[in-house]
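The structure file run38.cif is reproduced below (mmCIF, C-alpha atoms).
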```
data_start
#
loop_
_atom_site.label_atom_id
_atom_site.label_comp_id
_atom_site.auth_asym_id
_atom_site.auth_seq_id
_atom_site.Cartn_x
_atom_site.Cartn_y
_atom_site.Cartn_z
CA MET A 1 0.00 0.00 0.00
CA ASP A 2 1.56 3.32 -0.94
CA THR A 3 1.38 6.37 1.28
CA ASP A 4 -1.24 8.22 -0.77
CA GLN A 5 -3.56 5.24 -0.44
CA LEU A 6 -2.96 5.13 3.30
CA ILE A 7 -3.71 8.85 3.62
CA ARG A 8 -6.96 8.43 1.68
CA THR A 9 -7.93 5.61 4.04
CA LEU A 10 -7.16 7.63 7.15
CA ALA A 11 -9.26 10.53 5.82
CA ALA A 12 -12.15 8.10 5.24
CA ASP A 13 -11.85 7.04 8.89
CA ASN A 14 -11.98 10.64 10.18
CA ALA A 15 -15.55 10.20 11.44
CA GLN A 16 -14.33 7.75 14.09
CA ARG A 17 -13.76 10.01 17.08
CA ALA A 18 -12.10 8.84 20.25
CA LEU A 19 -13.09 10.23 23.64
CA PRO A 20 -10.57 12.43 25.46
CA VAL A 21 -8.04 10.57 27.61
CA GLY A 22 -9.32 12.31 30.76
CA ILE A 23 -12.81 10.86 30.33
CA ILE A 24 -11.55 7.31 29.76
CA LEU A 25 -9.17 7.63 32.73
CA LEU A 26 -11.98 8.91 34.94
CA LEU A 27 -14.39 6.14 33.89
CA ALA A 28 -11.75 3.45 34.43
CA LEU A 29 -10.86 4.80 37.89
CA MET A 30 -14.53 5.03 38.84
CA ALA A 31 -14.96 1.38 37.88
CA ALA A 32 -11.88 0.23 39.81
CA THR A 33 -12.33 2.14 43.06
CA PRO A 34 -15.34 0.07 44.26
CA VAL A 35 -13.28 -3.09 43.65
CA SER A 36 -10.46 -1.84 45.88
CA THR A 37 -12.98 -0.60 48.45
CA ALA A 38 -14.63 -4.04 48.55
CA MET A 39 -11.21 -5.65 48.97
CA LEU A 40 -10.55 -3.39 51.96
CA LEU A 41 -13.95 -3.96 53.59
CA LEU A 42 -13.91 -7.74 53.10
CA GLY A 43 -10.21 -8.31 53.73
CA LEU A 44 -9.28 -5.84 56.47
CA GLY A 45 -12.30 -3.83 57.52
CA ILE A 46 -12.34 -0.31 58.92
CA ARG A 47 -10.78 0.29 62.34
CA PRO A 48 -13.47 -0.12 65.03
CA ASP A 49 -12.74 3.17 66.78
CA ILE A 50 -13.07 5.26 63.63
CA MET A 51 -15.61 7.68 65.14
CA VAL A 52 -13.18 8.53 67.93
CA ALA A 53 -10.17 8.54 65.60
CA MET A 54 -11.78 11.11 63.34
CA ARG A 55 -11.41 13.64 66.09
CA ASN A 56 -7.63 13.11 66.02
CA PRO A 57 -6.14 15.59 63.51
CA PHE A 58 -3.26 13.21 62.76
CA PHE A 59 -5.73 10.54 61.67
CA ASP A 60 -7.39 13.04 59.34
CA LEU A 61 -4.01 14.22 58.09
CA LYS A 62 -3.33 10.76 56.63
CA PHE A 63 -6.24 11.28 54.25
CA VAL A 64 -4.98 14.72 53.28
CA VAL A 65 -1.54 13.27 52.45
CA THR A 66 -2.81 10.31 50.46
CA MET A 67 -5.45 12.28 48.61
CA ALA A 68 -2.91 14.98 47.79
CA LEU A 69 -0.73 12.24 46.29
CA ALA A 70 -3.60 10.71 44.31
CA ILE A 71 -4.86 14.02 42.94
CA SER A 72 -1.46 15.48 42.04
CA ALA A 73 -0.36 12.20 40.40
CA ALA A 74 -3.64 12.00 38.47
CA THR A 75 -3.13 15.53 37.17
CA VAL A 76 0.49 14.87 36.18
CA SER A 77 -0.27 11.52 34.54
CA LEU A 78 -3.06 13.07 32.49
CA HIS A 79 -0.64 15.75 31.33
CA LEU A 80 1.99 13.12 30.48
CA SER A 81 -0.49 11.22 28.31
CA ARG A 82 0.15 13.72 25.49
CA PRO A 83 2.96 13.03 23.02
CA GLU A 84 4.72 16.39 23.36
CA ALA A 85 4.43 16.63 27.15
CA SER A 86 7.31 16.48 29.59
CA LEU A 87 7.53 16.56 33.37
CA HIS A 88 9.05 20.03 33.15
CA GLY A 89 6.95 22.55 35.10
CA TRP A 90 4.61 19.81 36.37
CA GLY A 91 6.87 17.78 38.64
CA TRP A 92 6.51 20.24 41.51
CA LEU A 93 2.86 19.15 41.88
CA LEU A 94 4.13 15.82 43.21
CA VAL A 95 5.84 17.65 46.05
CA ALA A 96 2.42 18.55 47.54
CA PRO A 97 1.97 15.34 49.61
CA ILE A 98 5.58 15.58 50.85
CA VAL A 99 4.96 19.13 52.07
CA VAL A 100 1.81 18.00 53.90
CA VAL A 101 3.51 15.07 55.61
CA ALA A 102 6.54 17.20 56.53
CA GLY A 103 4.21 19.76 58.09
CA GLY A 104 2.55 16.92 59.99
CA ILE A 105 5.86 15.64 61.34
CA ALA A 106 6.86 19.15 62.43
CA SER A 107 3.63 19.78 64.31
CA GLU A 108 3.74 16.36 65.97
CA MET A 109 7.27 17.16 67.19
CA MET A 110 5.97 20.28 68.88
CA LEU A 111 3.29 18.43 70.82
CA PRO A 112 3.96 16.31 73.92
CA GLN A 113 3.83 12.58 73.03
CA ARG A 114 3.23 9.49 75.13
CA LEU A 115 5.41 7.29 72.92
CA PRO A 116 9.05 7.84 71.91
CA MET A 117 9.77 8.80 68.32
CA LEU A 118 11.05 5.40 67.24
CA ALA A 119 7.98 3.62 68.62
CA ARG A 120 5.71 5.97 66.66
CA LEU A 121 7.74 5.40 63.52
CA VAL A 122 7.75 1.60 63.81
CA GLY A 123 4.05 1.56 64.72
CA HIS A 124 1.89 -1.53 65.16
CA ASN A 125 1.32 -2.98 61.73
CA SER A 126 3.90 -1.75 59.27
CA MET A 127 3.97 -5.13 57.49
CA VAL A 128 0.21 -5.05 56.89
CA CYS A 129 0.57 -1.49 55.63
CA MET A 130 3.35 -2.37 53.20
CA SER A 131 1.44 -5.30 51.74
CA ALA A 132 -2.11 -3.90 51.88
CA ILE A 133 -1.39 -0.68 49.99
CA PRO A 134 0.23 -2.43 46.99
CA VAL A 135 -2.51 -5.10 46.87
CA LEU A 136 -5.35 -2.55 47.13
CA SER A 137 -3.68 -0.44 44.45
CA LEU A 138 -3.67 -3.21 41.82
CA PRO A 139 -7.23 -2.70 40.46
CA ILE A 140 -6.66 1.08 40.39
CA LEU A 141 -3.27 0.66 38.70
CA ALA A 142 -4.87 -1.51 36.03
CA ALA A 143 -7.56 1.14 35.49
CA ALA A 144 -4.97 3.93 35.25
CA MET A 145 -3.07 1.90 32.64
CA ILE A 146 -6.24 1.41 30.60
CA GLY A 147 -6.93 5.12 30.74
CA LEU A 148 -3.39 6.21 29.86
CA ARG A 149 -3.07 3.62 27.09
CA HIS A 150 -5.75 5.63 25.37
CA GLY A 151 -3.30 8.52 25.26
CA ALA A 152 0.16 8.72 23.73
CA PRO A 153 2.76 9.18 26.47
CA ALA A 154 6.22 10.16 25.23
CA ARG A 155 7.89 8.34 28.12
CA PRO A 156 5.94 5.16 28.91
CA ALA A 157 7.99 4.15 31.96
CA LEU A 158 7.65 7.58 33.54
CA ALA A 159 3.93 7.76 32.82
CA GLY A 160 3.61 4.27 34.31
CA ALA A 161 5.47 5.30 37.46
CA ILE A 162 3.16 8.30 37.93
CA ALA A 163 0.19 6.01 37.37
CA GLY A 164 1.70 3.92 40.18
CA LEU A 165 1.78 6.99 42.45
CA LEU A 166 -1.83 7.73 41.57
CA SER A 167 -3.01 4.21 42.41
CA ALA A 168 -0.88 4.00 45.56
CA GLY A 169 -2.36 7.33 46.70
CA ALA A 170 -5.90 6.09 46.13
CA ALA A 171 -5.17 2.72 47.77
CA ALA A 172 -3.51 4.43 50.75
CA THR A 173 -6.57 6.66 51.18
CA LEU A 174 -8.66 3.52 51.56
CA TYR A 175 -6.12 1.76 53.75
CA ALA A 176 -5.80 4.77 56.07
CA SER A 177 -9.29 4.02 57.39
CA HIS A 178 -8.09 0.61 58.59
CA CYS A 179 -4.66 1.67 59.80
CA THR A 180 -4.37 2.40 63.53
CA ASP A 181 -1.00 4.12 63.24
CA ASP A 182 -1.68 7.83 62.90
CA SER A 183 1.78 9.29 63.43
CA PRO A 184 3.03 11.28 60.41
CA LEU A 185 6.38 9.55 61.04
CA PHE A 186 4.72 6.20 60.37
CA VAL A 187 3.03 7.57 57.24
CA ALA A 188 6.27 9.13 55.95
CA THR A 189 8.10 5.81 56.36
CA TRP A 190 5.83 2.89 55.55
CA TYR A 191 3.32 4.56 53.24
CA THR A 192 6.26 5.91 51.27
CA ILE A 193 7.91 2.49 50.94
CA ALA A 194 4.60 0.99 49.78
CA THR A 195 4.09 3.85 47.33
CA GLY A 196 7.61 3.38 45.97
CA MET A 197 6.92 -0.30 45.32
CA VAL A 198 3.74 0.50 43.39
CA ALA A 199 5.50 3.26 41.42
CA GLY A 200 8.25 0.81 40.44
CA LEU A 201 5.67 -1.75 39.36
CA GLY A 202 3.89 0.97 37.40
CA ALA A 203 7.11 1.90 35.61
CA LEU A 204 7.71 -1.73 34.64
CA ILE A 205 4.17 -2.22 33.36
CA GLY A 206 4.07 1.20 31.71
CA GLN A 207 7.23 0.51 29.75
CA ARG A 208 5.47 -2.41 28.13
CA VAL A 209 1.83 -1.34 27.78
CA LEU A 210 1.97 2.45 27.42
CA ARG A 211 3.93 2.53 24.17
CA TYR A 212 1.79 3.77 21.34
CA MET B 213 -6.14 20.32 11.93
CA GLN B 214 -8.85 22.27 13.72
CA GLN B 215 -11.14 21.83 10.72
CA ALA B 216 -10.23 18.16 10.56
CA VAL B 217 -11.10 17.64 14.21
CA ALA B 218 -14.36 19.49 13.62
CA GLY B 219 -15.28 16.79 11.10
CA ASP B 220 -14.05 18.23 7.79
CA ASP B 221 -12.70 15.10 6.05
CA GLU B 222 -11.43 17.11 3.08
CA ALA B 223 -9.36 19.39 5.31
CA TYR B 224 -8.00 16.33 7.10
CA HIS B 225 -7.02 14.70 3.80
CA ARG B 226 -5.28 17.92 2.72
CA LEU B 227 -3.45 18.24 6.01
CA LEU B 228 -2.11 14.67 5.90
CA ARG B 229 -0.93 15.19 2.32
CA GLN B 230 0.83 18.40 3.28
CA VAL B 231 2.69 17.01 6.30
CA THR B 232 3.82 13.82 4.55
CA PRO B 233 6.79 15.34 2.64
CA VAL B 234 7.99 16.94 5.86
CA LEU B 235 7.70 13.65 7.73
CA ARG B 236 9.46 11.85 4.87
CA ALA B 237 12.39 14.26 4.98
CA ALA B 238 12.61 13.89 8.76
CA ALA B 239 12.53 10.09 8.52
CA ARG B 240 15.32 10.09 5.91
CA ARG B 241 17.45 12.41 8.00
CA GLY B 242 16.93 10.23 11.04
CA LEU B 243 17.82 7.05 9.18
CA ALA B 244 20.90 8.64 7.66
CA ARG B 245 22.08 9.86 11.04
CA ALA B 246 21.66 6.36 12.46
CA GLY B 247 23.60 4.91 9.53
CA GLN B 248 20.56 3.05 8.22
CA PRO B 249 19.56 2.80 4.56
CA ALA B 250 17.03 5.44 3.59
CA ASP B 251 14.86 2.95 1.72
CA GLN B 252 12.94 2.25 4.92
CA SER B 253 11.84 5.83 5.31
CA GLU B 254 8.42 5.18 3.77
CA ASP B 255 7.64 2.46 6.31
CA ILE B 256 8.39 4.96 9.06
CA VAL B 257 6.30 7.68 7.38
CA GLN B 258 3.34 5.31 7.27
CA GLU B 259 3.79 4.37 10.93
CA ILE B 260 3.86 8.05 11.87
CA LEU B 261 0.70 8.75 9.86
CA LEU B 262 -1.12 5.86 11.51
CA ALA B 263 -0.09 7.09 14.97
CA VAL B 264 -1.10 10.67 14.14
CA HIS B 265 -4.46 9.37 13.00
CA LEU B 266 -5.20 7.07 15.94
CA LYS B 267 -3.91 9.52 18.57
CA ARG B 268 -5.30 12.75 17.14
CA HIS B 269 -7.61 13.08 20.15
CA THR B 270 -4.50 13.78 22.26
CA TRP B 271 -3.92 17.00 20.36
CA ASP B 272 -5.24 19.97 22.32
CA VAL B 273 -7.22 22.18 19.91
CA ASN B 274 -5.69 25.28 21.48
CA ALA B 275 -2.09 24.03 21.39
CA PRO B 276 0.26 24.51 18.42
CA PHE B 277 0.09 21.59 15.98
CA ALA B 278 3.76 21.27 14.96
CA PRO B 279 5.27 20.29 18.35
CA TRP B 280 2.59 17.62 18.74
CA LEU B 281 3.21 16.26 15.24
CA PHE B 282 6.98 16.17 15.61
CA ALA B 283 6.76 14.57 19.04
CA ILE B 284 4.87 11.67 17.46
CA ALA B 285 7.26 11.56 14.50
CA ARG B 286 10.29 11.42 16.78
CA ASN B 287 8.72 8.73 18.94
CA LYS B 288 7.97 6.55 15.91
CA LEU B 289 11.40 7.12 14.38
CA ILE B 290 13.16 6.11 17.59
CA ASP B 291 10.86 3.12 17.86
CA ALA B 292 11.63 2.06 14.31
CA LEU B 293 15.38 2.47 14.76
CA ARG B 294 15.29 0.52 17.99
CA ARG B 295 13.45 -2.32 16.32
CA ARG B 296 15.78 -2.31 13.35
CA GLY B 297 18.74 -2.24 15.69
CA ARG B 298 17.92 -5.79 16.65
CA ARG B 299 18.28 -7.00 13.07
CA ILE B 300 21.46 -7.51 11.15
CA PHE B 301 22.26 -4.91 8.54
CA VAL B 302 24.87 -4.64 5.87
CA ASN B 303 27.27 -1.83 6.63
CA ILE B 304 26.16 1.13 4.57
CA ASP B 305 29.75 2.37 4.19
CA ASP B 306 30.36 -0.51 1.80
CA PHE B 307 27.85 0.98 -0.58
CA ALA B 308 28.41 4.64 0.11
CA GLU B 309 29.93 5.33 -3.28
CA THR B 310 27.32 3.44 -5.26
CA LEU B 311 24.57 5.17 -3.34
CA ALA B 312 26.07 8.59 -3.90
CA ASP B 313 26.14 7.95 -7.65
CA ALA B 314 22.61 6.62 -7.88
CA PRO B 315 19.90 9.25 -8.45
CA ALA B 316 17.74 9.73 -5.36
CA ALA B 317 14.44 7.94 -5.73
CA PRO B 318 11.59 10.40 -5.15
CA GLN B 319 9.65 7.85 -3.18
CA VAL B 320 10.48 4.32 -2.21
CA SER B 321 7.77 1.79 -1.65
CA ALA B 322 6.78 0.68 1.81
CA GLY B 323 6.44 -2.99 2.54
CA GLU B 324 5.61 -3.29 6.21
CA VAL B 325 2.04 -2.06 6.18
CA ALA B 326 1.31 -4.19 3.11
CA ALA B 327 2.86 -7.23 4.79
CA GLN B 328 0.89 -6.80 8.03
CA LEU B 329 -2.25 -6.22 5.99
CA GLN B 330 -2.16 -9.89 5.01
CA THR B 331 -2.47 -10.96 8.65
CA LEU B 332 -5.73 -9.08 9.30
CA PRO B 333 -9.07 -10.90 9.47
CA GLN B 334 -10.59 -11.30 6.01
CA ARG B 335 -13.45 -8.82 6.37
CA GLN B 336 -11.21 -6.05 7.76
CA ARG B 337 -8.68 -6.67 5.02
CA GLU B 338 -11.31 -6.53 2.28
CA VAL B 339 -12.77 -3.27 3.59
CA LEU B 340 -9.35 -1.67 3.99
CA GLN B 341 -8.25 -2.72 0.50
CA SER B 342 -11.49 -1.54 -1.05
CA ILE B 343 -11.04 1.95 0.38
CA ALA B 344 -7.24 2.21 0.17
CA VAL B 345 -6.35 0.46 -3.08
CA GLU B 346 -9.56 0.70 -5.08
CA ALA B 347 -10.39 4.18 -3.79
CA SER B 348 -14.03 3.24 -3.09
CA SER B 349 -16.08 5.36 -0.73
CA ILE B 350 -17.55 4.01 2.50
CA LYS B 351 -20.92 3.83 0.72
CA GLN B 352 -19.62 1.90 -2.31
CA THR B 353 -17.76 -0.49 -0.02
CA ALA B 354 -20.89 -1.07 2.03
CA GLU B 355 -22.86 -1.92 -1.12
CA ARG B 356 -20.19 -4.25 -2.47
CA PHE B 357 -19.93 -6.34 0.69
CA ALA B 358 -23.64 -6.02 1.57
CA MET B 359 -22.77 -4.37 4.89
CA SER B 360 -24.21 -1.30 6.56
CA GLU B 361 -22.14 1.87 6.32
CA GLY B 362 -21.70 1.82 10.07
CA ALA B 363 -20.30 -1.72 9.92
CA VAL B 364 -17.87 -0.65 7.19
CA ARG B 365 -16.70 2.26 9.34
CA VAL B 366 -16.20 -0.01 12.34
CA ALA B 367 -14.33 -2.62 10.26
CA LEU B 368 -12.13 0.09 8.75
CA HIS B 369 -11.29 1.59 12.12
CA ARG B 370 -10.56 -1.81 13.65
CA ALA B 371 -8.34 -2.66 10.68
CA LEU B 372 -6.30 0.53 11.15
CA SER B 373 -6.01 -0.01 14.92
CA SER B 374 -4.86 -3.61 14.67
CA LEU B 375 -2.53 -2.76 11.80
CA THR B 376 -0.85 -0.21 14.07
CA ALA B 377 -0.63 -2.69 16.94
CA LYS B 378 0.91 -5.33 14.67
CA LEU B 379 3.49 -2.86 13.34
CA ARG B 380 4.43 -1.97 16.89
CA GLU B 381 4.92 -5.60 17.88
CA SER B 382 6.71 -6.68 14.68
#
```

As structure tokens, the full file:
Amino acid sequence: MDTDQLIRTLAADNAQRALPVGIILLLALMAATPVSTAMLLLGLGIRPDIMVAMRNPFFDLKFVVTMALAISAATVSLHLSRPEASLHGWGWLLVAPIVVVAGGIASEMMLPQRLPMLARLVGHNSMVCMSAIPVLSLPILAAAMIGLRHGAPARPALAGAIAGLLSAGAAATLYASHCTDDSPLFVATWYTIATGMVAGLGALIGQRVLRY
Amino acid sequence: MQQAVAGDDEAYHRLLRQVTPVLRAAARRGLARAGQPADQSEDIVQEILLAVHLKRHTWDVNAPFAPWLFAIARNKLIDALRRRGRRIFVNIDDFAETLADAPAAPQVSAGEVAAQLQTLPQRQREVLQSIAVEASSIKQTAERFAMSEGAVRVALHRALSSLTAKLRES
């Protein structure tokens, strides 16, 4: 087939319109979130003292951190789904959750604590945290990949890693309602390790499936 | 491109015809720089055009068109060179003198799209050939194969999508 013939064919196919990447990403995430939520409720459940915990600002702060991660990563990954896009000028968005957690650590330091710093950092169930966040993130990661595959990311591994951050942020938001460790030190350590694992997985998958 | 996105098929056809020589020159330059024979440039041009077509929804109507187009072209060129890097090639230096003497062909034929075309399901292949090679309209193609126009459109779009996927994996 010569190129003129191909061009004629493409013009004939012009009526086929694809939906914007943002819509597909949103629909996929909306389909996946209930799956992860069900996994949390059936597998781990919500912590029994949640009504009391909600009055603890450090419990609430966990949700601010994880949602800041999910939202900033979603924004950046949507930007990166365009062929000419680069991280330049957008990467600073990903600093938002770090700023929040750093602020949390600083304010906790200023308050009197019953437990020593190391005990707060190690917490009660770091192993559950490190395995639950990656597992809960899997349906959301798959959805993010489906959404971004619809785009044309210039750097598939990078876009995949950011998709990993997005799904880890969403999964951590869910997990935070089960987790009884509220110290920002715990969040900064174990949530970050779990998020890093998901981001690495996302980069590996992205490299393969996000090429266009 | 704005007109094309708004549904003007004529404008879209014109646009693709206009950018093709630019893409061809870029593909040849890229191949030459990588020390690859320029006779594969048309395969790369066709891959770029397919990607432009299937990803045109990622172009922001308010953004300049050229950076978007060249980002896709560069991506496809790198992809093609990477794939070709895995195959064994005769050293072009051996032929440098002969090539320099030979008149530059205005356009070399492309074989990869045609080759992958043969692996498509029969109906998709027939529809694609009818429109590409025989220059039939959607309507004429629908009448010939006793299909609805909508079914022809779907078959055509599927054919182009799977063609692109096969080129990527090849």

Applying 10 Å and only C-alpha atoms, which residues near A:Leu25 remain after dropping the ones on its own chain fewer than 3 positions away? List them as an MDAnalysis selection string. chainID A and resid 20:22 28:31 74 77:78 143:151

Give the residues of chain A that lie within 9 Å of chain B; count only C-alpha atoms, and format the answer as an MDAnalysis selection string. chainID A and resid 1:21 81:85 150:152 154 211:212

Resolved residues for the PyMOL selection byres ((chain A and resi 108) around 12) as an MDAnalysis selection string: chainID A and resid 56:59 61 101:107 109:117 120:121 182:186

Atomic distance atom CA of A:Val209 - atom CA of A:Ile98, expressed in Å with one decimal: 28.9 Å

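Atom CA of A:Ile162 lies 29.6 Å from atom CA of A:Met54.
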
Distance atom CA of A:Thr37-atom CA of A:Leu136, one decimal place? 8.0 Å

Reference answer for the PyMOL selection byres ((chain A and resi 130) around 12), as a PyMOL selection string: chain A and resi 125-129+131-137+168+171-172+175-176+179+186-187+189-198

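Shortest separation to B:Ala363 among B:Val339, B:Ile260, B:Val273, B:Ala239 occurs at residue B:Val339, atoms counted being only C-alpha atoms.
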
Near-A:His124 list (9 Å; only C-alpha atoms; drop same-chain fewer than 5 positions) as a list in words: Ala119, Thr180 and Asp181 of chain A

Contact residues around A:Ile205 with all atoms listed in the file at 9 Å, ignoring same-chain residues under 2 positions, as a PDB file with C-alpha atoms, in the coordinates of the input:
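part.pdb, written as the output of this step:
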```pdb
ATOM      1  CA  MET A 145      -3.070   1.900  32.640  1.00  0.00           C
ATOM      2  CA  PRO A 156       5.940   5.160  28.910  1.00  0.00           C
ATOM      3  CA  ALA A 157       7.990   4.150  31.960  1.00  0.00           C
ATOM      4  CA  GLY A 160       3.610   4.270  34.310  1.00  0.00           C
ATOM      5  CA  ALA A 161       5.470   5.300  37.460  1.00  0.00           C
ATOM      6  CA  GLY A 200       8.250   0.810  40.440  1.00  0.00           C
ATOM      7  CA  LEU A 201       5.670  -1.750  39.360  1.00  0.00           C
ATOM      8  CA  GLY A 202       3.890   0.970  37.400  1.00  0.00           C
ATOM      9  CA  ALA A 203       7.110   1.900  35.610  1.00  0.00           C
ATOM     10  CA  GLN A 207       7.230   0.510  29.750  1.00  0.00           C
ATOM     11  CA  ARG A 208       5.470  -2.410  28.130  1.00  0.00           C
ATOM     12  CA  VAL A 209       1.830  -1.340  27.780  1.00  0.00           C
ATOM     13  CA  LEU A 210       1.970   2.450  27.420  1.00  0.00           C
TER      14      LEU A 210
END
```

For stretch 68-128 of chain A, write C-alpha atoms out as a compact mmCIF listing (two decimals), in the first residue's frame.
```txt
# COMPACT_ATOMS: atom_id res chain seq x y z
CA ALA A 68 -2.91 14.98 47.79
CA LEU A 69 -0.73 12.24 46.29
CA ALA A 70 -3.60 10.71 44.31
CA ILE A 71 -4.86 14.02 42.94
CA SER A 72 -1.46 15.48 42.04
CA ALA A 73 -0.36 12.20 40.40
CA ALA A 74 -3.64 12.00 38.47
CA THR A 75 -3.13 15.53 37.17
CA VAL A 76 0.49 14.87 36.18
CA SER A 77 -0.27 11.52 34.54
CA LEU A 78 -3.06 13.07 32.49
CA HIS A 79 -0.64 15.75 31.33
CA LEU A 80 1.99 13.12 30.48
CA SER A 81 -0.49 11.22 28.31
CA ARG A 82 0.15 13.72 25.49
CA PRO A 83 2.96 13.03 23.02
CA GLU A 84 4.72 16.39 23.36
CA ALA A 85 4.43 16.63 27.15
CA SER A 86 7.31 16.48 29.59
CA LEU A 87 7.53 16.56 33.37
CA HIS A 88 9.05 20.03 33.15
CA GLY A 89 6.95 22.55 35.10
CA TRP A 90 4.61 19.81 36.37
CA GLY A 91 6.87 17.78 38.64
CA TRP A 92 6.51 20.24 41.51
CA LEU A 93 2.86 19.15 41.88
CA LEU A 94 4.13 15.82 43.21
CA VAL A 95 5.84 17.65 46.05
CA ALA A 96 2.42 18.55 47.54
CA PRO A 97 1.97 15.34 49.61
CA ILE A 98 5.58 15.58 50.85
CA VAL A 99 4.96 19.13 52.07
CA VAL A 100 1.81 18.00 53.90
CA VAL A 101 3.51 15.07 55.61
CA ALA A 102 6.54 17.20 56.53
CA GLY A 103 4.21 19.76 58.09
CA GLY A 104 2.55 16.92 59.99
CA ILE A 105 5.86 15.64 61.34
CA ALA A 106 6.86 19.15 62.43
CA SER A 107 3.63 19.78 64.31
CA GLU A 108 3.74 16.36 65.97
CA MET A 109 7.27 17.16 67.19
CA MET A 110 5.97 20.28 68.88
CA LEU A 111 3.29 18.43 70.82
CA PRO A 112 3.96 16.31 73.92
CA GLN A 113 3.83 12.58 73.03
CA ARG A 114 3.23 9.49 75.13
CA LEU A 115 5.41 7.29 72.92
CA PRO A 116 9.05 7.84 71.91
CA MET A 117 9.77 8.80 68.32
CA LEU A 118 11.05 5.40 67.24
CA ALA A 119 7.98 3.62 68.62
CA ARG A 120 5.71 5.97 66.66
CA LEU A 121 7.74 5.40 63.52
CA VAL A 122 7.75 1.60 63.81
CA GLY A 123 4.05 1.56 64.72
CA HIS A 124 1.89 -1.53 65.16
CA ASN A 125 1.32 -2.98 61.73
CA SER A 126 3.90 -1.75 59.27
CA MET A 127 3.97 -5.13 57.49
CA VAL A 128 0.21 -5.05 56.89
```
